[in-house]
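To start, the structure itself, in structure tokens.
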Amino acid sequence: MAKHRSHSIEFKRQVAQEFLAGETLHGLAKRHDLSRNLVRLWVQKYEAGALDEDAAAADMIQEYEARIAALERLVGKQALELEFLKGALKNAPRRQGTPTSMITGPRALPSQEDAG
């Protein structure tokens, strides 16, 4: 059984352009180790403009992947910062009997200036 190969859009365009320039199906298929039916399919797509749509979709996918990678880096950085702050909160000295909150930390006691 033949292995499945994936060809770039640029390669498909090149093969279709070579065929339209006068190269034979047999010659292209033999030179690039492709089936003649596959070359025909690429030529049909090229003539219909589908390879241009595929190129635009591939560009969009690359943009999305880059954006996803940037967001993943940001999430990782924020996760590290959160872990650091949680550790700092656990190790912070506390007054005995002072209520604390995980979100806000120790609550401030009213000072004597406020009382008088």
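To be explicit about the labels: the chains of the structure tokens are called A, B, and onward in the order shown, and within each one the residues are counted from 1, while ligands get numbers from 1 in the order they are shown.
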
Please identify the strand (DSSP E) residues within chain A (assignment by DSSP from backbone atoms) and present them as a list in words.
Thr100, Ser101, Gly105 and Pro106 of chain A

To test your reading of the structure, identify every residue in chain A that backbone DSSP assigns to helix (DSSP H, G or I), and report it as number ranges by chain.
A: 9-20, 25-32, 36-48, 50-91, 112-115

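Across A:Leu20, A:Leu51, A:Asn91, A:Leu34, the tightest approach to Arg5 in chain A is made by A:Leu34 when counting only C-alpha atoms.
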
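Going from CA of Ala88 in chain A to CA of Glu72 in chain A covers 24.3 Å.
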
Coordinates-based distance that separates CA of Gln17 in chain A from CA of Tyr46 in chain A (Å, one decimal):
8.3 Å

Within 9 Å of Trp42 in chain A, counting only C-alpha atoms, which residues qualify if same-chain residues fewer than 5 places away don't, as a list in words?
Lys12, Arg13, Val15, Ala16, Asn37, Glu47 and Leu51 of chain A

Given only C-alpha atoms as the counted atoms, nearest of A:Ser8, A:Phe19, A:Leu89, A:Met60 to Gln44 in chain A
A:Phe19

Show me, as a ChimeraX atom specification, the residues that have an atom within 10 Å of His26 in chain A when counting only C-alpha atoms, minus same-chain residues fewer than 4 positions from it.
/A:30-31,34-36,39
